[in-house]
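Student: Structure file entry02.json, JSON, C-alpha atoms, is pasted below:
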[["chain", "number", "residue", "atom", "x", "y", "z"],
["A", 1, "MET", "CA", 69.45, -296.99, -11.20],
["A", 2, "SER", "CA", 68.26, -299.66, -8.80],
["A", 3, "ILE", "CA", 67.41, -298.95, -5.20],
["A", 4, "ILE", "CA", 69.36, -301.37, -3.04],
["A", 5, "ASP", "CA", 67.95, -302.76, 0.20],
["A", 6, "PRO", "CA", 70.66, -302.09, 2.83],
["A", 7, "ARG", "CA", 69.69, -305.28, 4.66],
["A", 8, "THR", "CA", 70.16, -307.70, 1.76],
["A", 9, "GLY", "CA", 72.21, -305.89, -0.86],
["A", 10, "GLU", "CA", 69.53, -306.77, -3.41],
["A", 11, "ALA", "CA", 67.25, -304.49, -5.40],
["A", 12, "LEU", "CA", 64.37, -303.21, -3.29],
["A", 13, "THR", "CA", 61.08, -304.72, -4.34],
["A", 14, "ALA", "CA", 57.90, -302.71, -4.64],
["A", 15, "PRO", "CA", 55.40, -304.54, -2.38],
["A", 16, "VAL", "CA", 55.09, -303.13, 1.11],
["A", 17, "ASP", "CA", 56.26, -305.61, 3.73],
["A", 18, "GLN", "CA", 53.48, -305.47, 6.33],
["A", 19, "THR", "CA", 55.22, -308.05, 8.53],
["A", 20, "THR", "CA", 58.18, -305.83, 9.24],
["A", 21, "THR", "CA", 57.69, -303.64, 12.26],
["A", 22, "ALA", "CA", 59.26, -300.33, 13.06],
["A", 23, "PRO", "CA", 61.50, -300.32, 16.11],
["A", 24, "ALA", "CA", 59.39, -300.11, 19.25],
["A", 25, "ASP", "CA", 61.92, -297.68, 20.71],
["A", 26, "ALA", "CA", 61.94, -295.48, 17.62],
["A", 27, "ALA", "CA", 61.61, -292.38, 19.79],
["A", 28, "ALA", "CA", 64.79, -293.33, 21.59],
["A", 29, "GLN", "CA", 66.92, -293.49, 18.44],
["A", 30, "PRO", "CA", 69.40, -290.75, 17.51],
["A", 31, "GLY", "CA", 67.73, -287.42, 16.92],
["A", 32, "ALA", "CA", 64.44, -288.62, 18.39],
["A", 33, "GLN", "CA", 64.29, -286.89, 21.74],
["A", 34, "GLN", "CA", 60.60, -286.11, 21.98],
["A", 35, "GLY", "CA", 61.03, -283.68, 24.82],
["A", 36, "GLU", "CA", 63.26, -281.49, 22.65],
["A", 37, "ALA", "CA", 60.77, -281.10, 19.81],
["A", 38, "ALA", "CA", 60.67, -277.32, 20.18],
["A", 39, "GLU", "CA", 64.42, -277.10, 19.38],
["A", 40, "VAL", "CA", 64.17, -279.06, 16.15],
["A", 41, "ARG", "CA", 64.29, -276.98, 12.98],
["A", 42, "PRO", "CA", 62.48, -278.03, 9.80],
["A", 43, "GLU", "CA", 65.78, -278.38, 7.94],
["A", 44, "ASP", "CA", 66.92, -280.88, 10.58],
["A", 45, "VAL", "CA", 64.12, -283.37, 9.88],
["A", 46, "ILE", "CA", 62.81, -282.57, 6.37],
["A", 47, "ILE", "CA", 64.70, -283.29, 3.16],
["A", 48, "ASP", "CA", 63.96, -283.61, -0.56],
["A", 49, "ALA", "CA", 64.54, -287.09, -1.94],
["A", 50, "ASP", "CA", 65.85, -287.74, -5.46],
["A", 51, "ALA", "CA", 68.09, -290.09, -7.42],
["A", 52, "GLY", "CA", 71.15, -288.53, -5.86],
["A", 53, "ASN", "CA", 70.29, -289.32, -2.24],
["A", 54, "ILE", "CA", 67.60, -292.01, -2.14],
["A", 55, "GLN", "CA", 70.17, -294.71, -1.36],
["A", 56, "GLN", "CA", 71.60, -292.63, 1.50],
["A", 57, "ILE", "CA", 68.06, -292.11, 2.80],
["A", 58, "LEU", "CA", 67.46, -295.86, 2.88],
["A", 59, "GLU", "CA", 70.76, -296.39, 4.66],
["A", 60, "ALA", "CA", 69.88, -293.65, 7.15],
["A", 61, "SER", "CA", 66.65, -295.52, 7.92],
["A", 62, "MET", "CA", 68.79, -298.19, 9.55],
["A", 63, "ARG", "CA", 69.25, -295.63, 12.34],
["A", 64, "VAL", "CA", 66.17, -293.38, 12.23],
["A", 65, "PRO", "CA", 62.83, -294.24, 10.56],
["A", 66, "VAL", "CA", 62.03, -292.31, 7.40],
["A", 67, "LEU", "CA", 58.60, -291.11, 6.34],
["A", 68, "LEU", "CA", 58.67, -290.96, 2.53],
["A", 69, "ASP", "CA", 56.11, -288.50, 1.15],
["A", 70, "CYS", "CA", 55.54, -289.34, -2.52],
["A", 71, "TRP", "CA", 53.88, -286.37, -4.18],
["A", 72, "ALA", "CA", 53.49, -284.61, -7.55],
["A", 73, "PRO", "CA", 53.27, -280.92, -8.47],
["A", 74, "TRP", "CA", 49.85, -281.36, -10.13],
["A", 75, "CYS", "CA", 48.36, -283.23, -7.13],
["A", 76, "GLU", "CA", 45.96, -280.99, -5.19],
["A", 77, "PRO", "CA", 45.56, -283.42, -2.22],
["A", 78, "CYS", "CA", 49.36, -283.45, -1.93],
["A", 79, "LYS", "CA", 49.30, -279.71, -1.34],
["A", 80, "THR", "CA", 47.01, -280.30, 1.63],
["A", 81, "LEU", "CA", 48.89, -283.30, 3.03],
["A", 82, "THR", "CA", 52.54, -282.22, 2.79],
["A", 83, "PRO", "CA", 52.28, -279.20, 5.14],
["A", 84, "VAL", "CA", 50.65, -281.43, 7.75],
["A", 85, "LEU", "CA", 53.49, -283.97, 7.45],
["A", 86, "GLU", "CA", 56.06, -281.18, 7.71],
["A", 87, "LYS", "CA", 54.42, -279.85, 10.86],
["A", 88, "LEU", "CA", 54.32, -283.34, 12.41],
["A", 89, "ALA", "CA", 57.95, -284.05, 11.53],
["A", 90, "VAL", "CA", 59.02, -281.01, 13.54],
["A", 91, "GLU", "CA", 56.53, -281.71, 16.30],
["A", 92, "TYR", "CA", 57.81, -285.27, 16.73],
["A", 93, "GLY", "CA", 61.26, -283.81, 17.34],
["A", 94, "GLY", "CA", 63.34, -286.15, 15.18],
["A", 95, "ALA", "CA", 61.53, -289.43, 15.87],
["A", 96, "PHE", "CA", 61.50, -289.77, 12.09],
["A", 97, "ILE", "CA", 62.88, -288.00, 9.05],
["A", 98, "LEU", "CA", 60.45, -286.71, 6.43],
["A", 99, "ALA", "CA", 61.77, -287.27, 2.90],
["A", 100, "LYS", "CA", 59.71, -285.70, 0.10],
["A", 101, "LEU", "CA", 59.87, -287.44, -3.28],
["A", 102, "ASP", "CA", 58.53, -285.72, -6.41],
["A", 103, "VAL", "CA", 57.34, -288.76, -8.35],
["A", 104, "GLU", "CA", 57.07, -286.81, -11.61],
["A", 105, "ALA", "CA", 60.74, -285.83, -11.49],
["A", 106, "ASN", "CA", 61.79, -289.26, -10.17],
["A", 107, "SER", "CA", 59.61, -291.72, -12.04],
["A", 108, "ASP", "CA", 62.20, -294.53, -11.93],
["A", 109, "ILE", "CA", 62.40, -294.37, -8.13],
["A", 110, "SER", "CA", 58.64, -294.14, -7.67],
["A", 111, "GLY", "CA", 58.21, -297.12, -9.97],
["A", 112, "GLN", "CA", 60.61, -299.22, -7.92],
["A", 113, "LEU", "CA", 58.78, -298.18, -4.75],
["A", 114, "GLY", "CA", 55.45, -299.29, -6.22],
["A", 115, "VAL", "CA", 53.86, -295.83, -6.17],
["A", 116, "ARG", "CA", 50.66, -296.03, -8.24],
["A", 117, "SER", "CA", 48.86, -292.92, -7.03],
["A", 118, "VAL", "CA", 49.70, -289.86, -5.00],
["A", 119, "PRO", "CA", 49.88, -288.86, -2.31],
["A", 120, "ASP", "CA", 51.46, -292.08, -1.08],
["A", 121, "VAL", "CA", 53.23, -291.97, 2.30],
["A", 122, "LYS", "CA", 55.55, -294.84, 3.17],
["A", 123, "LEU", "CA", 57.25, -295.60, 6.47],
["A", 124, "VAL", "CA", 60.75, -296.97, 5.93],
["A", 125, "SER", "CA", 62.70, -298.46, 8.84],
["A", 126, "GLN", "CA", 65.78, -300.66, 8.95],
["A", 127, "GLY", "CA", 65.99, -300.28, 5.19],
["A", 128, "GLY", "CA", 62.60, -301.91, 4.62],
["A", 129, "LEU", "CA", 59.10, -300.73, 3.78],
["A", 130, "VAL", "CA", 57.02, -301.04, 6.94],
["A", 131, "ASP", "CA", 53.65, -299.49, 6.20],
["A", 132, "ASN", "CA", 51.99, -296.89, 4.01],
["A", 133, "PHE", "CA", 48.83, -294.92, 3.47],
["A", 134, "THR", "CA", 47.47, -293.21, 0.37],
["A", 135, "GLY", "CA", 45.37, -290.11, 0.02],
["A", 136, "ALA", "CA", 45.29, -286.88, 1.99],
["A", 137, "LEU", "CA", 44.20, -288.20, 5.36],
["A", 138, "PRO", "CA", 43.05, -285.66, 7.97],
["A", 139, "GLU", "CA", 45.58, -284.76, 10.63],
["A", 140, "LYS", "CA", 43.81, -286.76, 13.33],
["A", 141, "GLU", "CA", 44.04, -289.96, 11.27],
["A", 142, "ILE", "CA", 47.69, -289.34, 10.44],
["A", 143, "ARG", "CA", 48.43, -288.94, 14.15],
["A", 144, "GLU", "CA", 46.63, -292.21, 14.84],
["A", 145, "TRP", "CA", 48.65, -293.92, 12.09],
["A", 146, "LEU", "CA", 51.93, -292.55, 13.45],
["A", 147, "GLY", "CA", 50.85, -293.67, 16.92],
["A", 148, "ARG", "CA", 51.25, -297.28, 15.84],
["A", 149, "TYR", "CA", 55.00, -296.74, 15.60],
["A", 150, "PHE", "CA", 55.98, -293.67, 17.62],
["A", 151, "GLN", "CA", 55.31, -292.27, 21.05],
["A", 152, "PRO", "CA", 53.26, -289.09, 20.56],
["A", 153, "PRO", "CA", 54.83, -285.84, 21.79],
["A", 154, "GLU", "CA", 53.72, -284.96, 25.30],
["A", 155, "ASP", "CA", 52.87, -281.39, 24.29],
["A", 156, "ALA", "CA", 51.05, -282.27, 21.06],
["A", 157, "PRO", "CA", 48.53, -279.55, 20.19],
["A", 158, "ALA", "CA", 44.85, -280.39, 20.00],
["A", 159, "SER", "CA", 43.64, -281.57, 16.61],
["A", 160, "PRO", "CA", 40.93, -279.61, 14.76],
["A", 161, "GLU", "CA", 38.46, -282.36, 15.69],
["A", 162, "GLU", "CA", 39.32, -282.06, 19.36],
["A", 163, "LEU", "CA", 38.96, -278.29, 19.24],
["A", 164, "ALA", "CA", 35.58, -278.61, 17.55],
["A", 165, "GLU", "CA", 34.33, -281.17, 20.07],
["A", 166, "ALA", "CA", 35.51, -278.98, 22.94],
["A", 167, "ALA", "CA", 33.62, -276.05, 21.43],
["A", 168, "LEU", "CA", 30.45, -278.13, 21.13],
["A", 169, "ASP", "CA", 30.80, -279.32, 24.74],
["A", 170, "ALA", "CA", 31.13, -275.67, 25.80],
["A", 171, "GLY", "CA", 28.00, -274.74, 23.87],
["A", 172, "ASP", "CA", 29.93, -272.81, 21.22],
["A", 173, "ALA", "CA", 28.39, -274.42, 18.14],
["A", 174, "ALA", "CA", 29.41, -271.53, 15.87],
["A", 175, "THR", "CA", 33.12, -272.16, 16.50],
["A", 176, "ALA", "CA", 32.68, -275.89, 15.94],
["A", 177, "ARG", "CA", 30.86, -275.17, 12.69],
["A", 178, "GLU", "CA", 33.66, -272.88, 11.48],
["A", 179, "ILE", "CA", 36.28, -275.53, 12.23],
["A", 180, "TYR", "CA", 34.37, -278.23, 10.39],
["A", 181, "GLN", "CA", 33.69, -275.94, 7.45],
["A", 182, "THR", "CA", 37.44, -275.47, 7.08],
["A", 183, "GLN", "CA", 38.02, -279.22, 7.31],
["A", 184, "VAL", "CA", 35.35, -279.88, 4.68],
["A", 185, "GLU", "CA", 37.05, -277.42, 2.33],
["A", 186, "GLN", "CA", 40.44, -279.06, 2.87],
["A", 187, "TYR", "CA", 39.18, -282.66, 2.74],
["A", 188, "PRO", "CA", 36.06, -282.65, 0.54],
["A", 189, "GLU", "CA", 36.06, -286.44, 0.18],
["A", 190, "HIS", "CA", 36.37, -287.10, 3.92],
["A", 191, "TYR", "CA", 32.64, -287.33, 4.48],
["A", 192, "ALA", "CA", 32.90, -287.66, 8.26],
["A", 193, "TYR", "CA", 33.69, -283.93, 8.34],
["A", 194, "GLN", "CA", 30.50, -283.16, 6.45],
["A", 195, "VAL", "CA", 28.50, -285.20, 8.95],
["A", 196, "SER", "CA", 30.21, -283.37, 11.82],
["A", 197, "LEU", "CA", 29.50, -280.05, 10.13],
["A", 198, "ALA", "CA", 25.83, -281.00, 9.93],
["A", 199, "ARG", "CA", 25.87, -281.93, 13.61],
["A", 200, "ALA", "CA", 27.34, -278.53, 14.51],
["A", 201, "LEU", "CA", 24.72, -276.80, 12.36],
["A", 202, "VAL", "CA", 21.96, -278.63, 14.24],
["A", 203, "ALA", "CA", 23.47, -277.52, 17.54],
["A", 204, "GLU", "CA", 23.56, -273.95, 16.20],
["A", 205, "GLY", "CA", 19.86, -274.09, 15.34],
["A", 206, "ARG", "CA", 20.42, -274.26, 11.58],
["A", 207, "ALA", "CA", 18.58, -277.53, 10.97],
["A", 208, "GLU", "CA", 17.64, -276.90, 7.34],
["A", 209, "GLU", "CA", 21.26, -276.22, 6.40],
["A", 210, "ALA", "CA", 22.24, -279.40, 8.21],
["A", 211, "ARG", "CA", 19.59, -281.35, 6.32],
["A", 212, "ARG", "CA", 20.99, -280.10, 3.00],
["A", 213, "VAL", "CA", 24.51, -281.19, 3.97],
["A", 214, "ILE", "CA", 23.28, -284.69, 4.79],
["A", 215, "ASP", "CA", 21.10, -284.89, 1.67],
["A", 216, "ASN", "CA", 24.10, -284.07, -0.53],
["A", 217, "LEU", "CA", 26.21, -286.96, 0.77],
["A", 218, "PRO", "CA", 26.76, -290.04, -1.42],
["A", 219, "PRO", "CA", 24.02, -292.65, -0.79],
["A", 220, "GLU", "CA", 26.28, -295.01, 1.17],
["A", 221, "GLU", "CA", 27.35, -292.17, 3.49],
["A", 222, "ARG", "CA", 23.86, -290.69, 3.74],
["A", 223, "ASP", "CA", 22.45, -294.05, 4.88],
["A", 224, "ALA", "CA", 25.23, -294.83, 7.36],
["A", 225, "ALA", "CA", 24.67, -294.56, 11.11],
["A", 226, "PRO", "CA", 26.47, -291.21, 11.70],
["A", 227, "ALA", "CA", 24.40, -289.40, 9.07],
["A", 228, "ARG", "CA", 21.20, -291.13, 10.22],
["A", 229, "GLY", "CA", 21.99, -289.91, 13.71],
["A", 230, "VAL", "CA", 22.16, -286.30, 12.55],
["A", 231, "ARG", "CA", 18.97, -286.70, 10.55],
["A", 232, "SER", "CA", 17.26, -288.13, 13.61],
["A", 233, "SER", "CA", 18.45, -285.16, 15.67],
["A", 234, "ILE", "CA", 16.82, -282.90, 13.09],
["A", 235, "GLU", "CA", 13.60, -284.93, 13.25],
["A", 236, "PHE", "CA", 13.63, -284.94, 17.04],
["A", 237, "GLY", "CA", 14.15, -281.18, 16.87],
["A", 238, "ASP", "CA", 11.10, -280.86, 14.64],
["A", 239, "ARG", "CA", 9.05, -282.72, 17.23],
["A", 240, "ALA", "CA", 10.57, -281.30, 20.41],
["A", 241, "LEU", "CA", 9.47, -278.15, 22.17],
["A", 242, "PRO", "CA", 11.80, -275.12, 21.95],
["A", 243, "HIS", "CA", 14.22, -274.64, 24.82],
["A", 244, "ALA", "CA", 12.16, -271.78, 26.25],
["A", 245, "GLU", "CA", 9.08, -273.98, 26.49],
["A", 246, "ILE", "CA", 11.10, -276.78, 28.07],
["A", 247, "GLU", "CA", 12.27, -274.32, 30.71],
["A", 248, "ALA", "CA", 8.67, -273.23, 31.21],
["A", 249, "LEU", "CA", 7.78, -276.77, 32.23],
["A", 250, "GLY", "CA", 9.56, -276.00, 35.48],
["A", 251, "GLU", "CA", 9.16, -278.76, 38.06],
["A", 252, "ARG", "CA", 6.47, -280.64, 36.16],
["A", 253, "ASP", "CA", 7.05, -284.38, 36.41],
["A", 254, "ASP", "CA", 4.11, -285.80, 34.51],
["A", 255, "SER", "CA", 4.58, -288.13, 31.53],
["A", 256, "GLU", "CA", 4.17, -285.40, 28.92],
["A", 257, "ALA", "CA", 6.85, -283.25, 30.57],
["A", 258, "ARG", "CA", 9.22, -286.22, 30.84],
["A", 259, "PHE", "CA", 8.72, -287.14, 27.21],
["A", 260, "GLN", "CA", 9.26, -283.59, 25.99],
["A", 261, "ARG", "CA", 12.45, -283.22, 28.03],
["A", 262, "ALA", "CA", 13.77, -286.48, 26.56],
["A", 263, "LEU", "CA", 12.94, -285.36, 23.02],
["A", 264, "ARG", "CA", 14.71, -282.07, 23.58],
["A", 265, "GLN", "CA", 17.80, -283.89, 24.87],
["A", 266, "LEU", "CA", 17.83, -286.15, 21.82],
["A", 267, "ALA", "CA", 17.44, -283.15, 19.51],
["A", 268, "ASP", "CA", 20.44, -281.57, 21.24],
["A", 269, "GLY", "CA", 22.53, -284.72, 20.75],
["A", 270, "GLN", "CA", 22.42, -285.66, 24.44],
["A", 271, "TYR", "CA", 21.60, -289.25, 23.59],
["A", 272, "GLU", "CA", 22.41, -290.90, 26.90],
["A", 273, "ALA", "CA", 20.27, -288.46, 28.90],
["A", 274, "GLY", "CA", 17.44, -288.78, 26.39],
["A", 275, "LEU", "CA", 17.56, -292.58, 26.38],
["A", 276, "GLU", "CA", 17.58, -292.64, 30.16],
["A", 277, "GLY", "CA", 14.54, -290.36, 30.28],
["A", 278, "LEU", "CA", 12.62, -292.51, 27.79],
["A", 279, "LEU", "CA", 13.43, -295.72, 29.65],
["A", 280, "ARG", "CA", 12.24, -294.24, 32.96],
["A", 281, "LEU", "CA", 9.06, -293.04, 31.25],
["A", 282, "MET", "CA", 8.44, -296.59, 30.05],
["A", 283, "GLN", "CA", 8.89, -297.85, 33.61],
["A", 284, "SER", "CA", 6.42, -295.34, 35.03],
["A", 285, "ASP", "CA", 3.86, -295.04, 32.22],
["A", 286, "ARG", "CA", 4.24, -297.65, 29.51],
["A", 287, "GLY", "CA", 1.03, -296.66, 27.74],
["A", 288, "TYR", "CA", 1.87, -292.96, 27.37],
["A", 289, "GLY", "CA", 1.29, -291.67, 23.85],
["A", 290, "ASP", "CA", 0.52, -295.07, 22.36],
["A", 291, "ASP", "CA", 3.85, -296.52, 23.56],
["A", 292, "ALA", "CA", 5.72, -293.39, 22.40],
["A", 293, "ALA", "CA", 8.73, -293.95, 24.68],
["A", 294, "ARG", "CA", 9.49, -297.43, 23.31],
["A", 295, "LYS", "CA", 8.99, -296.35, 19.70],
["A", 296, "THR", "CA", 11.31, -293.40, 20.19],
["A", 297, "LEU", "CA", 13.92, -295.62, 21.83],
["A", 298, "LEU", "CA", 13.92, -297.81, 18.73],
["A", 299, "GLN", "CA", 14.36, -294.73, 16.53],
["A", 300, "VAL", "CA", 17.42, -293.73, 18.54],
["A", 301, "PHE", "CA", 18.89, -297.23, 18.29],
["A", 302, "ASP", "CA", 18.52, -297.12, 14.52],
["A", 303, "ALA", "CA", 20.10, -293.67, 14.35],
["A", 304, "LEU", "CA", 23.10, -294.61, 16.47],
["A", 305, "GLY", "CA", 23.64, -297.99, 14.82],
["A", 306, "ALA", "CA", 23.54, -301.50, 16.25],
["A", 307, "GLU", "CA", 27.18, -301.45, 17.43],
["A", 308, "HIS", "CA", 27.08, -298.11, 19.25],
["A", 309, "PRO", "CA", 27.78, -298.60, 23.00],
["A", 310, "LEU", "CA", 24.60, -296.71, 23.96],
["A", 311, "THR", "CA", 22.52, -298.89, 21.64],
["A", 312, "VAL", "CA", 24.01, -302.06, 23.11],
["A", 313, "ALA", "CA", 23.51, -300.92, 26.72],
["A", 314, "TYR", "CA", 20.00, -299.51, 26.39],
["A", 315, "ARG", "CA", 18.72, -302.25, 24.11],
["A", 316, "ARG", "CA", 19.72, -304.70, 26.84],
["A", 317, "ARG", "CA", 17.92, -302.64, 29.47],
["A", 318, "LEU", "CA", 14.85, -302.32, 27.23],
["A", 319, "PHE", "CA", 14.75, -306.11, 26.73],
["A", 320, "ALA", "CA", 15.03, -306.64, 30.50],
["A", 321, "LEU", "CA", 12.17, -304.22, 31.10],
["A", 322, "LEU", "CA", 9.91, -305.85, 28.50],
["A", 323, "TYR", "CA", 10.66, -309.45, 29.35]]
What does the file become when written as structure tokens?

Tutor:
Amino acid sequence: MSIIDPRTGEALTAPVDQTTTAPADAAAQPGAQQGEAAEVRPEDVIIDADAGNIQQILEASMRVPVLLDCWAPWCEPCKTLTPVLEKLAVEYGGAFILAKLDVEANSDISGQLGVRSVPDVKLVSQGGLVDNFTGALPEKEIREWLGRYFQPPEDAPASPEELAEAALDAGDAATAREIYQTQVEQYPEHYAYQVSLARALVAEGRAEEARRVIDNLPPEERDAAPARGVRSSIEFGDRALPHAEIEALGERDDSEARFQRALRQLADGQYEAGLEGLLRLMQSDRGYGDDAARKTLLQVFDALGAEHPLTVAYRRRLFALLY
């Protein structure tokens, strides 16, 4: 069989048409009332696609966008991705229909759609291929991808990343570590989760475990700014006084006390506070510790990366102070 493009009456071609855009008011189309997401049942927005209904699915996309999940029974990443897509289809309350295509059982269709690897998720709107992504992306990235075309639900639950960051902000590093451990297990090739896990381990006081996580990353990930930042936190932690000794400094405001407080802040990932403390130390005592404040500032810049907003802002302030 040939898949017919409802717009032209011709056979659908495989290449994704990146110039076509999904309707800007997709959420306002039939069945897409975001506020009623809680009333939507899975069977209302999730269907299995096959040779018997693929043409009807394309025709339905003239009214409501279709998210086509191309998967295979032997594909382990598919088993991680599909439940996330099913949850989002219900959560979005009918803004799009999720159609699941088993490419092994429907090789002719997948061939016409240009599916070369799975998982492959395609957005179909107005009968045409709008966009796609491949691989089992984490939920946060899928939400960001959907956000290009659909208004997010007002009551969308927090993503695992948001929950982990909230836990870190609240000082609950153990909870953040548990969340990231789960994400690493689900998405072993999404190395950002491993870096975040290492960061949570540092915050929990498990620096050696964090070092092993970073050391086991592929070279290109291990040498990238996020991983260097974690490694620098570990190194700053090796140099910094323990929290109890920092507290014992009390009201001391000499250069040594200022430097140690800044190091402790950097070790704890409080980069802005640490940078500010180092810059003020430079202003008050440039010669302290053989120019230790400036040298440490440069270490932080390298750890954060040249494009990081804090690097840009504090490098400018450092230049103004020096020149």

Student: Taking all atoms listed in the file into account, which of A:Leu217, A:Ala105, A:Ala198, A:Val118 comes nearest Glu76 in chain A?

Tutor: A:Val118

Student: Which neighbours of range 65-74 of chain A fall inside 8 Å, counting all atoms listed in the file, when residues of the same chain fewer than 5 positions from it are skipped, and could you give them as a count of residues only?

Tutor: 27

Student: Nearest to Pro153 in chain A among A:Val84, A:Ala89, A:Ala225, A:Leu281, with distances taken over only C-alpha atoms: which residue is it?

Tutor: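 Among the listed residues, the smallest separation from Pro153 in chain A belongs to A:Ala89.
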
Student: Find the residues around Asp215 in chain A up to 12 Å (only C-alpha atoms counted), leave out those fewer than 5 positions away in its own chain, and share them as a VMD selection string.

Tutor: chain A and resid 194 to 195 198 208 to 210 220 to 223 227 to 228 230 to 231

Student: Please, what distance in Å, to one decimal, runs between CA of Arg315 in chain A and CA of Gly287 in chain A?

Tutor: 18.9 Å

Student: Please indicate the distance in Å from CA of Lys87 in chain A to CA of Val40 in chain A, rounded to one decimal place.

Tutor: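 Interatomic distance, CA of Lys87 in chain A to CA of Val40 in chain A: 11.1 Å.
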
Student: Work out how far CA of Pro157 in chain A is from CA of Leu129 in chain A, in Å to one decimal.

Tutor: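 Here the two named atoms are 28.8 Å from each other.
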